[in-house]
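Everything below belongs to upload_6.json, which stores JSON, N, CA and C atoms.
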```json
[["chain", "number", "residue", "atom", "x", "y", "z"],
["A", 1, "MET", "N", 14.66, -29.47, -5.43],
["A", 1, "MET", "CA", 15.61, -28.76, -6.25],
["A", 1, "MET", "C", 17.00, -28.77, -5.60],
["A", 2, "ALA", "N", 17.04, -28.84, -4.28],
["A", 2, "ALA", "CA", 18.34, -28.90, -3.59],
["A", 2, "ALA", "C", 19.09, -30.17, -3.94],
["A", 3, "ASP", "N", 18.35, -31.26, -4.11],
["A", 3, "ASP", "CA", 19.00, -32.52, -4.49],
["A", 3, "ASP", "C", 19.65, -32.40, -5.86],
["A", 4, "LEU", "N", 18.97, -31.74, -6.80],
["A", 4, "LEU", "CA", 19.53, -31.56, -8.13],
["A", 4, "LEU", "C", 20.79, -30.68, -8.06],
["A", 5, "ALA", "N", 20.75, -29.64, -7.24],
["A", 5, "ALA", "CA", 21.94, -28.79, -7.07],
["A", 5, "ALA", "C", 23.10, -29.61, -6.52],
["A", 6, "ASN", "N", 22.83, -30.46, -5.54],
["A", 6, "ASN", "CA", 23.88, -31.31, -4.98],
["A", 6, "ASN", "C", 24.42, -32.28, -6.02],
["A", 7, "ASP", "N", 23.51, -32.86, -6.82],
["A", 7, "ASP", "CA", 23.94, -33.79, -7.87],
["A", 7, "ASP", "C", 24.77, -33.09, -8.94],
["A", 8, "ILE", "N", 24.39, -31.86, -9.28],
["A", 8, "ILE", "CA", 25.17, -31.09, -10.26],
["A", 8, "ILE", "C", 26.58, -30.86, -9.73],
["A", 9, "ARG", "N", 26.66, -30.40, -8.48],
["A", 9, "ARG", "CA", 27.99, -30.13, -7.89],
["A", 9, "ARG", "C", 28.83, -31.39, -7.80],
["A", 10, "LEU", "N", 28.21, -32.50, -7.40],
["A", 10, "LEU", "CA", 28.93, -33.77, -7.30],
["A", 10, "LEU", "C", 29.40, -34.24, -8.67],
["A", 11, "ALA", "N", 28.58, -34.06, -9.69],
["A", 11, "ALA", "CA", 28.98, -34.44, -11.05],
["A", 11, "ALA", "C", 30.15, -33.59, -11.54],
["A", 12, "VAL", "N", 30.10, -32.28, -11.25],
["A", 12, "VAL", "CA", 31.20, -31.39, -11.65],
["A", 12, "VAL", "C", 32.49, -31.78, -10.93],
["A", 13, "ASP", "N", 32.37, -32.07, -9.63],
["A", 13, "ASP", "CA", 33.55, -32.38, -8.82],
["A", 13, "ASP", "C", 34.12, -33.78, -9.06],
["A", 14, "SER", "N", 33.26, -34.78, -9.27],
["A", 14, "SER", "CA", 33.75, -36.16, -9.33],
["A", 14, "SER", "C", 33.62, -36.80, -10.70],
["A", 15, "GLY", "N", 32.87, -36.17, -11.59],
["A", 15, "GLY", "CA", 32.67, -36.76, -12.92],
["A", 15, "GLY", "C", 33.33, -35.93, -14.00],
["A", 16, "LYS", "N", 32.73, -35.96, -15.18],
["A", 16, "LYS", "CA", 33.23, -35.17, -16.30],
["A", 16, "LYS", "C", 32.06, -34.40, -16.89],
["A", 17, "THR", "N", 32.24, -33.09, -17.01],
["A", 17, "THR", "CA", 31.19, -32.22, -17.54],
["A", 17, "THR", "C", 31.77, -31.29, -18.60],
["A", 18, "ALA", "N", 30.87, -30.75, -19.40],
["A", 18, "ALA", "CA", 31.23, -29.71, -20.36],
["A", 18, "ALA", "C", 30.45, -28.47, -19.96],
["A", 19, "ILE", "N", 31.14, -27.36, -19.82],
["A", 19, "ILE", "CA", 30.51, -26.12, -19.37],
["A", 19, "ILE", "C", 30.64, -25.07, -20.47],
["A", 20, "GLY", "N", 29.52, -24.44, -20.80],
["A", 20, "GLY", "CA", 29.51, -23.41, -21.83],
["A", 20, "GLY", "C", 28.92, -23.91, -23.13],
["A", 21, "ILE", "N", 28.39, -22.99, -23.91],
["A", 21, "ILE", "CA", 27.66, -23.35, -25.12],
["A", 21, "ILE", "C", 28.53, -24.14, -26.09],
["A", 22, "ASN", "N", 29.73, -23.67, -26.38],
["A", 22, "ASN", "CA", 30.57, -24.34, -27.39],
["A", 22, "ASN", "C", 30.98, -25.75, -26.97],
["A", 23, "THR", "N", 31.37, -25.92, -25.72],
["A", 23, "THR", "CA", 31.79, -27.25, -25.28],
["A", 23, "THR", "C", 30.61, -28.20, -25.16],
["A", 24, "VAL", "N", 29.44, -27.67, -24.79],
["A", 24, "VAL", "CA", 28.24, -28.52, -24.73],
["A", 24, "VAL", "C", 27.85, -28.97, -26.14],
["A", 25, "VAL", "N", 27.90, -28.05, -27.10],
["A", 25, "VAL", "CA", 27.60, -28.43, -28.49],
["A", 25, "VAL", "C", 28.56, -29.52, -28.96],
["A", 26, "ASP", "N", 29.85, -29.37, -28.65],
["A", 26, "ASP", "CA", 30.83, -30.39, -29.01],
["A", 26, "ASP", "C", 30.50, -31.74, -28.37],
["A", 27, "SER", "N", 30.10, -31.72, -27.10],
["A", 27, "SER", "CA", 29.80, -32.98, -26.42],
["A", 27, "SER", "C", 28.55, -33.65, -27.02],
["A", 28, "ILE", "N", 27.61, -32.85, -27.50],
["A", 28, "ILE", "CA", 26.43, -33.42, -28.16],
["A", 28, "ILE", "C", 26.83, -34.00, -29.52],
["A", 29, "LYS", "N", 27.62, -33.25, -30.27],
["A", 29, "LYS", "CA", 28.05, -33.72, -31.59],
["A", 29, "LYS", "C", 28.86, -35.01, -31.50],
["A", 30, "ARG", "N", 29.65, -35.13, -30.46],
["A", 30, "ARG", "CA", 30.49, -36.32, -30.29],
["A", 30, "ARG", "C", 29.77, -37.46, -29.59],
["A", 31, "SER", "N", 28.51, -37.23, -29.27],
["A", 31, "SER", "CA", 27.67, -38.24, -28.59],
["A", 31, "SER", "C", 28.24, -38.66, -27.23],
["A", 32, "THR", "N", 28.91, -37.73, -26.56],
["A", 32, "THR", "CA", 29.42, -38.05, -25.22],
["A", 32, "THR", "C", 28.52, -37.50, -24.12],
["A", 33, "ALA", "N", 27.67, -36.53, -24.46],
["A", 33, "ALA", "CA", 26.76, -35.94, -23.47],
["A", 33, "ALA", "C", 25.65, -36.93, -23.14],
["A", 34, "LYS", "N", 25.38, -37.08, -21.85],
["A", 34, "LYS", "CA", 24.30, -37.96, -21.40],
["A", 34, "LYS", "C", 23.11, -37.16, -20.89],
["A", 35, "LEU", "N", 23.36, -35.89, -20.52],
["A", 35, "LEU", "CA", 22.32, -35.02, -19.99],
["A", 35, "LEU", "C", 22.76, -33.58, -20.21],
["A", 36, "VAL", "N", 21.81, -32.71, -20.55],
["A", 36, "VAL", "CA", 22.10, -31.28, -20.72],
["A", 36, "VAL", "C", 21.26, -30.51, -19.71],
["A", 37, "ILE", "N", 21.89, -29.56, -19.01],
["A", 37, "ILE", "CA", 21.19, -28.73, -18.03],
["A", 37, "ILE", "C", 21.31, -27.28, -18.49],
["A", 38, "ILE", "N", 20.16, -26.63, -18.63],
["A", 38, "ILE", "CA", 20.11, -25.24, -19.09],
["A", 38, "ILE", "C", 19.60, -24.36, -17.96],
["A", 39, "ALA", "N", 20.33, -23.29, -17.69],
["A", 39, "ALA", "CA", 19.92, -22.34, -16.66],
["A", 39, "ALA", "C", 18.72, -21.53, -17.14],
["A", 40, "ASN", "N", 17.95, -21.05, -16.19],
["A", 40, "ASN", "CA", 16.78, -20.23, -16.46],
["A", 40, "ASN", "C", 17.23, -18.81, -16.85],
["A", 41, "LYS", "N", 16.40, -18.09, -17.56],
["A", 41, "LYS", "CA", 16.64, -16.69, -17.92],
["A", 41, "LYS", "C", 17.87, -16.51, -18.80],
["A", 42, "ASN", "N", 18.05, -17.42, -19.74],
["A", 42, "ASN", "CA", 19.12, -17.31, -20.73],
["A", 42, "ASN", "C", 18.61, -16.57, -21.94],
["A", 43, "ARG", "N", 19.53, -16.14, -22.77],
["A", 43, "ARG", "CA", 19.16, -15.62, -24.08],
["A", 43, "ARG", "C", 18.76, -16.83, -24.92],
["A", 44, "GLN", "N", 17.49, -16.98, -25.18],
["A", 44, "GLN", "CA", 16.98, -18.19, -25.80],
["A", 44, "GLN", "C", 17.53, -18.44, -27.20],
["A", 45, "GLY", "N", 17.85, -17.41, -27.94],
["A", 45, "GLY", "CA", 18.36, -17.60, -29.29],
["A", 45, "GLY", "C", 19.61, -18.45, -29.33],
["A", 46, "SER", "N", 20.50, -18.24, -28.40],
["A", 46, "SER", "CA", 21.75, -18.98, -28.40],
["A", 46, "SER", "C", 21.59, -20.42, -27.94],
["A", 47, "LEU", "N", 20.48, -20.73, -27.28],
["A", 47, "LEU", "CA", 20.29, -22.09, -26.77],
["A", 47, "LEU", "C", 19.36, -22.93, -27.62],
["A", 48, "GLN", "N", 18.70, -22.32, -28.62],
["A", 48, "GLN", "CA", 17.79, -23.07, -29.48],
["A", 48, "GLN", "C", 18.52, -24.20, -30.20],
["A", 49, "ASP", "N", 19.75, -23.94, -30.66],
["A", 49, "ASP", "CA", 20.52, -24.98, -31.35],
["A", 49, "ASP", "C", 20.80, -26.16, -30.42],
["A", 50, "ILE", "N", 21.12, -25.86, -29.17],
["A", 50, "ILE", "CA", 21.40, -26.93, -28.21],
["A", 50, "ILE", "C", 20.15, -27.76, -27.97],
["A", 51, "LEU", "N", 19.01, -27.11, -27.79],
["A", 51, "LEU", "CA", 17.76, -27.84, -27.60],
["A", 51, "LEU", "C", 17.45, -28.72, -28.80],
["A", 52, "HIS", "N", 17.64, -28.17, -29.99],
["A", 52, "HIS", "CA", 17.37, -28.91, -31.21],
["A", 52, "HIS", "C", 18.31, -30.12, -31.35],
["A", 53, "MET", "N", 19.60, -29.88, -31.17],
["A", 53, "MET", "CA", 20.59, -30.96, -31.30],
["A", 53, "MET", "C", 20.37, -32.05, -30.26],
["A", 54, "ALA", "N", 20.08, -31.65, -29.02],
["A", 54, "ALA", "CA", 19.84, -32.64, -27.97],
["A", 54, "ALA", "C", 18.60, -33.47, -28.29],
["A", 55, "GLY", "N", 17.57, -32.81, -28.82],
["A", 55, "GLY", "CA", 16.36, -33.53, -29.19],
["A", 55, "GLY", "C", 16.61, -34.56, -30.26],
["A", 56, "ILE", "N", 17.37, -34.19, -31.27],
["A", 56, "ILE", "CA", 17.69, -35.12, -32.35],
["A", 56, "ILE", "C", 18.53, -36.29, -31.82],
["A", 57, "ALA", "N", 19.47, -35.99, -30.92],
["A", 57, "ALA", "CA", 20.35, -37.02, -30.37],
["A", 57, "ALA", "C", 19.68, -37.85, -29.29],
["A", 58, "GLY", "N", 18.48, -37.45, -28.86],
["A", 58, "GLY", "CA", 17.80, -38.20, -27.81],
["A", 58, "GLY", "C", 18.38, -37.98, -26.43],
["A", 59, "ILE", "N", 18.99, -36.83, -26.22],
["A", 59, "ILE", "CA", 19.61, -36.50, -24.94],
["A", 59, "ILE", "C", 18.60, -35.72, -24.10],
["A", 60, "LYS", "N", 18.42, -36.14, -22.86],
["A", 60, "LYS", "CA", 17.50, -35.46, -21.96],
["A", 60, "LYS", "C", 18.01, -34.07, -21.63],
["A", 61, "VAL", "N", 17.08, -33.10, -21.59],
["A", 61, "VAL", "CA", 17.42, -31.71, -21.24],
["A", 61, "VAL", "C", 16.62, -31.33, -20.01],
["A", 62, "ILE", "N", 17.30, -30.75, -19.03],
["A", 62, "ILE", "CA", 16.65, -30.23, -17.83],
["A", 62, "ILE", "C", 16.73, -28.72, -17.88],
["A", 63, "ASN", "N", 15.58, -28.06, -17.84],
["A", 63, "ASN", "CA", 15.53, -26.60, -17.71],
["A", 63, "ASN", "C", 15.56, -26.30, -16.22],
["A", 64, "TYR", "N", 16.72, -25.92, -15.75],
["A", 64, "TYR", "CA", 16.94, -25.72, -14.32],
["A", 64, "TYR", "C", 16.44, -24.34, -13.89],
["A", 65, "SER", "N", 15.88, -24.24, -12.72],
["A", 65, "SER", "CA", 15.28, -22.99, -12.25],
["A", 65, "SER", "C", 16.28, -21.92, -11.85],
["A", 66, "ALA", "N", 17.54, -22.26, -11.68],
["A", 66, "ALA", "CA", 18.56, -21.27, -11.30],
["A", 66, "ALA", "C", 18.95, -20.43, -12.52],
["A", 67, "ASN", "N", 19.32, -19.17, -12.27],
["A", 67, "ASN", "CA", 19.82, -18.34, -13.36],
["A", 67, "ASN", "C", 21.30, -18.69, -13.60],
["A", 68, "PRO", "N", 21.91, -18.18, -14.67],
["A", 68, "PRO", "CA", 23.30, -18.54, -14.97],
["A", 68, "PRO", "C", 24.31, -18.24, -13.85],
["A", 69, "VAL", "N", 24.12, -17.15, -13.12],
["A", 69, "VAL", "CA", 25.03, -16.83, -12.02],
["A", 69, "VAL", "C", 24.90, -17.88, -10.91],
["A", 70, "GLU", "N", 23.66, -18.24, -10.59],
["A", 70, "GLU", "CA", 23.43, -19.26, -9.55],
["A", 70, "GLU", "C", 23.95, -20.62, -9.99],
["A", 71, "LEU", "N", 23.75, -20.97, -11.26],
["A", 71, "LEU", "CA", 24.25, -22.25, -11.75],
["A", 71, "LEU", "C", 25.77, -22.28, -11.72],
["A", 72, "GLY", "N", 26.40, -21.16, -12.03],
["A", 72, "GLY", "CA", 27.86, -21.07, -11.91],
["A", 72, "GLY", "C", 28.32, -21.32, -10.49],
["A", 73, "ALA", "N", 27.62, -20.74, -9.52],
["A", 73, "ALA", "CA", 27.97, -20.94, -8.11],
["A", 73, "ALA", "C", 27.77, -22.40, -7.71],
["A", 74, "ILE", "N", 26.69, -23.01, -8.17],
["A", 74, "ILE", "CA", 26.45, -24.42, -7.86],
["A", 74, "ILE", "C", 27.59, -25.29, -8.40],
["A", 75, "CYS", "N", 28.08, -24.93, -9.59],
["A", 75, "CYS", "CA", 29.18, -25.67, -10.20],
["A", 75, "CYS", "C", 30.53, -25.35, -9.56],
["A", 76, "GLY", "N", 30.56, -24.36, -8.66],
["A", 76, "GLY", "CA", 31.81, -23.97, -8.03],
["A", 76, "GLY", "C", 32.68, -23.11, -8.92],
["A", 77, "LYS", "N", 32.06, -22.43, -9.88],
["A", 77, "LYS", "CA", 32.81, -21.60, -10.82],
["A", 77, "LYS", "C", 32.60, -20.12, -10.49],
["A", 78, "PRO", "N", 33.63, -19.29, -10.69],
["A", 78, "PRO", "CA", 33.50, -17.86, -10.40],
["A", 78, "PRO", "C", 32.93, -17.07, -11.59],
["A", 79, "PHE", "N", 32.11, -17.73, -12.41],
["A", 79, "PHE", "CA", 31.51, -17.09, -13.57],
["A", 79, "PHE", "C", 30.15, -17.70, -13.84],
["A", 80, "SER", "N", 29.37, -17.05, -14.70],
["A", 80, "SER", "CA", 28.04, -17.55, -15.06],
["A", 80, "SER", "C", 28.15, -18.80, -15.90],
["A", 81, "VAL", "N", 27.23, -19.73, -15.69],
["A", 81, "VAL", "CA", 27.15, -20.95, -16.48],
["A", 81, "VAL", "C", 25.73, -21.03, -17.04],
["A", 82, "SER", "N", 25.61, -20.85, -18.34],
["A", 82, "SER", "CA", 24.28, -20.89, -18.94],
["A", 82, "SER", "C", 23.84, -22.31, -19.28],
["A", 83, "VAL", "N", 24.80, -23.15, -19.57],
["A", 83, "VAL", "CA", 24.48, -24.53, -19.94],
["A", 83, "VAL", "C", 25.66, -25.43, -19.62],
["A", 84, "LEU", "N", 25.34, -26.66, -19.22],
["A", 84, "LEU", "CA", 26.38, -27.66, -19.03],
["A", 84, "LEU", "C", 25.85, -29.01, -19.43],
["A", 85, "SER", "N", 26.76, -29.88, -19.80],
["A", 85, "SER", "CA", 26.36, -31.25, -20.11],
["A", 85, "SER", "C", 27.11, -32.19, -19.19],
["A", 86, "ILE", "N", 26.44, -33.27, -18.86],
["A", 86, "ILE", "CA", 27.04, -34.31, -18.04],
["A", 86, "ILE", "C", 27.57, -35.38, -18.99],
["A", 87, "ILE", "N", 28.86, -35.60, -18.94],
["A", 87, "ILE", "CA", 29.49, -36.62, -19.78],
["A", 87, "ILE", "C", 29.68, -37.89, -18.97],
["A", 88, "GLU", "N", 30.24, -37.76, -17.78],
["A", 88, "GLU", "CA", 30.36, -38.85, -16.82],
["A", 88, "GLU", "C", 29.80, -38.34, -15.50],
["A", 89, "PRO", "N", 28.82, -39.04, -14.90],
["A", 89, "PRO", "CA", 28.18, -38.52, -13.69],
["A", 89, "PRO", "C", 29.04, -38.63, -12.42],
["A", 90, "GLY", "N", 30.12, -39.36, -12.47],
["A", 90, "GLY", "CA", 30.96, -39.50, -11.27],
["A", 90, "GLY", "C", 30.16, -40.17, -10.16],
["A", 91, "ASN", "N", 30.23, -39.61, -8.96],
["A", 91, "ASN", "CA", 29.55, -40.19, -7.81],
["A", 91, "ASN", "C", 28.12, -39.70, -7.64],
["A", 92, "SER", "N", 27.61, -38.90, -8.58],
["A", 92, "SER", "CA", 26.27, -38.33, -8.45],
["A", 92, "SER", "C", 25.23, -39.27, -9.04],
["A", 93, "ASN", "N", 23.99, -39.02, -8.67],
["A", 93, "ASN", "CA", 22.84, -39.74, -9.22],
["A", 93, "ASN", "C", 22.09, -38.87, -10.21],
["A", 94, "ILE", "N", 22.77, -37.95, -10.84],
["A", 94, "ILE", "CA", 22.12, -36.94, -11.67],
["A", 94, "ILE", "C", 21.40, -37.54, -12.88],
["A", 95, "LEU", "N", 21.89, -38.64, -13.40],
["A", 95, "LEU", "CA", 21.24, -39.24, -14.56],
["A", 95, "LEU", "C", 19.90, -39.86, -14.21],
["A", 96, "ASN", "N", 19.64, -40.04, -12.91],
["A", 96, "ASN", "CA", 18.35, -40.57, -12.44],
["A", 96, "ASN", "C", 17.41, -39.46, -12.02],
["A", 97, "SER", "N", 17.82, -38.20, -12.17],
["A", 97, "SER", "CA", 17.00, -37.06, -11.75],
["A", 97, "SER", "C", 15.86, -36.83, -12.72],
["A", 98, "GLU", "N", 14.81, -36.25, -12.19],
["A", 98, "GLU", "CA", 13.68, -35.88, -13.04],
["A", 98, "GLU", "C", 13.97, -34.50, -13.52]]
```

Would you write the structure of this file as structure tokens?
Amino acid sequence: MADLANDIRLAVDSGKTAIGINTVVDSIKRSTAKLVIIANKNRQGSLQDILHMAGIAGIKVINYSANPVELGAICGKPFSVSVLSIIEPGNSNILNSE
């Protein structure tokens, strides 16, 4: 799991990501998202649409074990991050992650 955290941080720092429900939905609609990462212990109602849209678009979804506060810290943000999408992986190997 530490490797995935490192890959997430590297993707945020060196690549292009969308953070937050609205921007992730936009990235899925525009077919720019390559991977969606969902934090654990979210309000599931708000994320059902993202799961559904990603499934239809054939985008891989990772249910990450960190809660939104921890995912925000991994991303280097001073706020909770419930969901993010990877648009460009940058220097990370995140698209090869299980």

If you take every atom of region 78-91 of chain A that the file lists and fit an axis-aligned box around them with 3 Å extra on each side, what centre and edge lengths come out in Å to one decimal, as lines of an AutoDock Vina configuration file?
```
center_x = 28.7
center_y = -28.6
center_z = -13.9
size_x = 15.8
size_y = 29.1
size_z = 18.5
```

Selection near Lys16 (chain A), 9 Å with only C-alpha atoms, sequence-local residues under 3 positions removed, as a ChimeraX atom specification: /A:11-13,85-90

So that I have them on file, write out the residues from the current selection with N, CA and C atoms, as a PDB file, in the coordinates of the input.
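Output below, filename part37.pdb:
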```
ATOM      1  N   ALA A  11      28.580 -34.060  -9.690  1.00  0.00           N
ATOM      2  CA  ALA A  11      28.980 -34.440 -11.050  1.00  0.00           C
ATOM      3  C   ALA A  11      30.150 -33.590 -11.540  1.00  0.00           C
ATOM      4  N   VAL A  12      30.100 -32.280 -11.250  1.00  0.00           N
ATOM      5  CA  VAL A  12      31.200 -31.390 -11.650  1.00  0.00           C
ATOM      6  C   VAL A  12      32.490 -31.780 -10.930  1.00  0.00           C
ATOM      7  N   ASP A  13      32.370 -32.070  -9.630  1.00  0.00           N
ATOM      8  CA  ASP A  13      33.550 -32.380  -8.820  1.00  0.00           C
ATOM      9  C   ASP A  13      34.120 -33.780  -9.060  1.00  0.00           C
ATOM     10  N   SER A  85      26.760 -29.880 -19.800  1.00  0.00           N
ATOM     11  CA  SER A  85      26.360 -31.250 -20.110  1.00  0.00           C
ATOM     12  C   SER A  85      27.110 -32.190 -19.190  1.00  0.00           C
ATOM     13  N   ILE A  86      26.440 -33.270 -18.860  1.00  0.00           N
ATOM     14  CA  ILE A  86      27.040 -34.310 -18.040  1.00  0.00           C
ATOM     15  C   ILE A  86      27.570 -35.380 -18.990  1.00  0.00           C
ATOM     16  N   ILE A  87      28.860 -35.600 -18.940  1.00  0.00           N
ATOM     17  CA  ILE A  87      29.490 -36.620 -19.780  1.00  0.00           C
ATOM     18  C   ILE A  87      29.680 -37.890 -18.970  1.00  0.00           C
ATOM     19  N   GLU A  88      30.240 -37.760 -17.780  1.00  0.00           N
ATOM     20  CA  GLU A  88      30.360 -38.850 -16.820  1.00  0.00           C
ATOM     21  C   GLU A  88      29.800 -38.340 -15.500  1.00  0.00           C
ATOM     22  N   PRO A  89      28.820 -39.040 -14.900  1.00  0.00           N
ATOM     23  CA  PRO A  89      28.180 -38.520 -13.690  1.00  0.00           C
ATOM     24  C   PRO A  89      29.040 -38.630 -12.420  1.00  0.00           C
ATOM     25  N   GLY A  90      30.120 -39.360 -12.470  1.00  0.00           N
ATOM     26  CA  GLY A  90      30.960 -39.500 -11.270  1.00  0.00           C
ATOM     27  C   GLY A  90      30.160 -40.170 -10.160  1.00  0.00           C
TER      28      GLY A  90
END
```

DSSP-assigned strand (DSSP E or B) members of chain A, reported as an MDAnalysis selection string: chainID A and resid 16:19 35:38 60:63 83:88

Restrict the selected residues to N, CA and C atoms and save them as an mmCIF file, keeping the file's coordinate frame.
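As written to disk, result15.cif reads:
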```
data_model
loop_
_atom_site.group_PDB
_atom_site.id
_atom_site.type_symbol
_atom_site.label_atom_id
_atom_site.label_comp_id
_atom_site.auth_asym_id
_atom_site.auth_seq_id
_atom_site.Cartn_x
_atom_site.Cartn_y
_atom_site.Cartn_z
ATOM 1 N N LYS A 16 32.730 -35.960 -15.180
ATOM 2 C CA LYS A 16 33.230 -35.170 -16.300
ATOM 3 C C LYS A 16 32.060 -34.400 -16.890
ATOM 4 N N THR A 17 32.240 -33.090 -17.010
ATOM 5 C CA THR A 17 31.190 -32.220 -17.540
ATOM 6 C C THR A 17 31.770 -31.290 -18.600
ATOM 7 N N ALA A 18 30.870 -30.750 -19.400
ATOM 8 C CA ALA A 18 31.230 -29.710 -20.360
ATOM 9 C C ALA A 18 30.450 -28.470 -19.960
ATOM 10 N N ILE A 19 31.140 -27.360 -19.820
ATOM 11 C CA ILE A 19 30.510 -26.120 -19.370
ATOM 12 C C ILE A 19 30.640 -25.070 -20.470
ATOM 13 N N LEU A 35 23.360 -35.890 -20.520
ATOM 14 C CA LEU A 35 22.320 -35.020 -19.990
ATOM 15 C C LEU A 35 22.760 -33.580 -20.210
ATOM 16 N N VAL A 36 21.810 -32.710 -20.550
ATOM 17 C CA VAL A 36 22.100 -31.280 -20.720
ATOM 18 C C VAL A 36 21.260 -30.510 -19.710
ATOM 19 N N ILE A 37 21.890 -29.560 -19.010
ATOM 20 C CA ILE A 37 21.190 -28.730 -18.030
ATOM 21 C C ILE A 37 21.310 -27.280 -18.490
ATOM 22 N N ILE A 38 20.160 -26.630 -18.630
ATOM 23 C CA ILE A 38 20.110 -25.240 -19.090
ATOM 24 C C ILE A 38 19.600 -24.360 -17.960
ATOM 25 N N LYS A 60 18.420 -36.140 -22.860
ATOM 26 C CA LYS A 60 17.500 -35.460 -21.960
ATOM 27 C C LYS A 60 18.010 -34.070 -21.630
ATOM 28 N N VAL A 61 17.080 -33.100 -21.590
ATOM 29 C CA VAL A 61 17.420 -31.710 -21.240
ATOM 30 C C VAL A 61 16.620 -31.330 -20.010
ATOM 31 N N ILE A 62 17.300 -30.750 -19.030
ATOM 32 C CA ILE A 62 16.650 -30.230 -17.830
ATOM 33 C C ILE A 62 16.730 -28.720 -17.880
ATOM 34 N N ASN A 63 15.580 -28.060 -17.840
ATOM 35 C CA ASN A 63 15.530 -26.600 -17.710
ATOM 36 C C ASN A 63 15.560 -26.300 -16.220
ATOM 37 N N VAL A 83 24.800 -23.150 -19.570
ATOM 38 C CA VAL A 83 24.480 -24.530 -19.940
ATOM 39 C C VAL A 83 25.660 -25.430 -19.620
ATOM 40 N N LEU A 84 25.340 -26.660 -19.220
ATOM 41 C CA LEU A 84 26.380 -27.660 -19.030
ATOM 42 C C LEU A 84 25.850 -29.010 -19.430
ATOM 43 N N SER A 85 26.760 -29.880 -19.800
ATOM 44 C CA SER A 85 26.360 -31.250 -20.110
ATOM 45 C C SER A 85 27.110 -32.190 -19.190
ATOM 46 N N ILE A 86 26.440 -33.270 -18.860
ATOM 47 C CA ILE A 86 27.040 -34.310 -18.040
ATOM 48 C C ILE A 86 27.570 -35.380 -18.990
ATOM 49 N N ILE A 87 28.860 -35.600 -18.940
ATOM 50 C CA ILE A 87 29.490 -36.620 -19.780
ATOM 51 C C ILE A 87 29.680 -37.890 -18.970
ATOM 52 N N GLU A 88 30.240 -37.760 -17.780
ATOM 53 C CA GLU A 88 30.360 -38.850 -16.820
ATOM 54 C C GLU A 88 29.800 -38.340 -15.500
#
```

Find the residues near Val25 (chain A): any atom within 6.5 Å, counting all atoms listed in the file, skip ones fewer than 5 places away on the same chain, and give them as a CSV table (one decimal) with N, CA and C atoms, in the coordinates of the input.
```csv
chain,number,residue,atom,x,y,z
A,20,GLY,N,29.5,-24.4,-20.8
A,20,GLY,CA,29.5,-23.4,-21.8
A,20,GLY,C,28.9,-23.9,-23.1
A,30,ARG,N,29.6,-35.1,-30.5
A,30,ARG,CA,30.5,-36.3,-30.3
A,30,ARG,C,29.8,-37.5,-29.6
A,50,ILE,N,21.1,-25.9,-29.2
A,50,ILE,CA,21.4,-26.9,-28.2
A,50,ILE,C,20.2,-27.8,-28.0
```

Close residues, Leu10 (chain A) itself excluded, 7 Å, only N, CA and C atoms, min 3 positions apart in chain, as a compact mmCIF listing (two decimals) with N, CA and C atoms, in the frame of the given file:
```
# COMPACT_ATOMS: atom_id res chain seq x y z
N ALA A 5 20.75 -29.64 -7.24
CA ALA A 5 21.94 -28.79 -7.07
C ALA A 5 23.10 -29.61 -6.52
N ASN A 6 22.83 -30.46 -5.54
CA ASN A 6 23.88 -31.31 -4.98
C ASN A 6 24.42 -32.28 -6.02
N ASP A 7 23.51 -32.86 -6.82
CA ASP A 7 23.94 -33.79 -7.87
C ASP A 7 24.77 -33.09 -8.94
N ASP A 13 32.37 -32.07 -9.63
CA ASP A 13 33.55 -32.38 -8.82
C ASP A 13 34.12 -33.78 -9.06
N SER A 14 33.26 -34.78 -9.27
CA SER A 14 33.75 -36.16 -9.33
C SER A 14 33.62 -36.80 -10.70
N GLY A 15 32.87 -36.17 -11.59
CA GLY A 15 32.67 -36.76 -12.92
C GLY A 15 33.33 -35.93 -14.00
N PRO A 89 28.82 -39.04 -14.90
CA PRO A 89 28.18 -38.52 -13.69
C PRO A 89 29.04 -38.63 -12.42
N GLY A 90 30.12 -39.36 -12.47
CA GLY A 90 30.96 -39.50 -11.27
C GLY A 90 30.16 -40.17 -10.16
N ASN A 91 30.23 -39.61 -8.96
CA ASN A 91 29.55 -40.19 -7.81
C ASN A 91 28.12 -39.70 -7.64
N SER A 92 27.61 -38.90 -8.58
CA SER A 92 26.27 -38.33 -8.45
C SER A 92 25.23 -39.27 -9.04
```

Applying 6 Å and all atoms listed in the file, which residues near Ser82 (chain A) remain after dropping the ones on its own chain fewer than 6 positions away? List them as a short mmCIF file (atom, residue, chain, number, x, y, z; two decimals) with N, CA and C atoms, in the coordinates of the input.
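Okay, around_23.cif is ready:
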```
data_model
loop_
_atom_site.label_atom_id
_atom_site.label_comp_id
_atom_site.auth_asym_id
_atom_site.auth_seq_id
_atom_site.Cartn_x
_atom_site.Cartn_y
_atom_site.Cartn_z
N GLY A 20 29.52 -24.44 -20.80
CA GLY A 20 29.51 -23.41 -21.83
C GLY A 20 28.92 -23.91 -23.13
N ILE A 37 21.89 -29.56 -19.01
CA ILE A 37 21.19 -28.73 -18.03
C ILE A 37 21.31 -27.28 -18.49
N ILE A 38 20.16 -26.63 -18.63
CA ILE A 38 20.11 -25.24 -19.09
C ILE A 38 19.60 -24.36 -17.96
N ALA A 39 20.33 -23.29 -17.69
CA ALA A 39 19.92 -22.34 -16.66
C ALA A 39 18.72 -21.53 -17.14
N PRO A 68 21.91 -18.18 -14.67
CA PRO A 68 23.30 -18.54 -14.97
C PRO A 68 24.31 -18.24 -13.85
#
```

Interatomic distance (Å, one decimal) between CA of Val36 (chain A) and CA of Asp49 (chain A): 12.5 Å

Two-atom distance - atom N of Thr17 (chain A), CA of Gly72 (chain A) (Å): 13.8 Å

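When atom N of Ala33 (chain A) is paired with CA of Ala73 (chain A), their separation reads 22.6 Å.
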
Top pick for closest residue to Ser80 (chain A), considering A:Gln48, A:Asn93, A:Asn67, A:Asn22 and counting all atoms listed in the file: A:Asn67

Residue among A:Ile8, A:Leu47, A:Leu95, A:Leu71 lying closest to Ile59 (chain A), counting only C-alpha atoms: A:Leu95

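Residues surrounding Val24 (chain A) within 7 Å are Ala18, Ile19, Gly20, Ile28, Lys29, Val83, Leu84 and Ser85 of chain A [all atoms listed in the file; sequence separation below 4 positions excluded].
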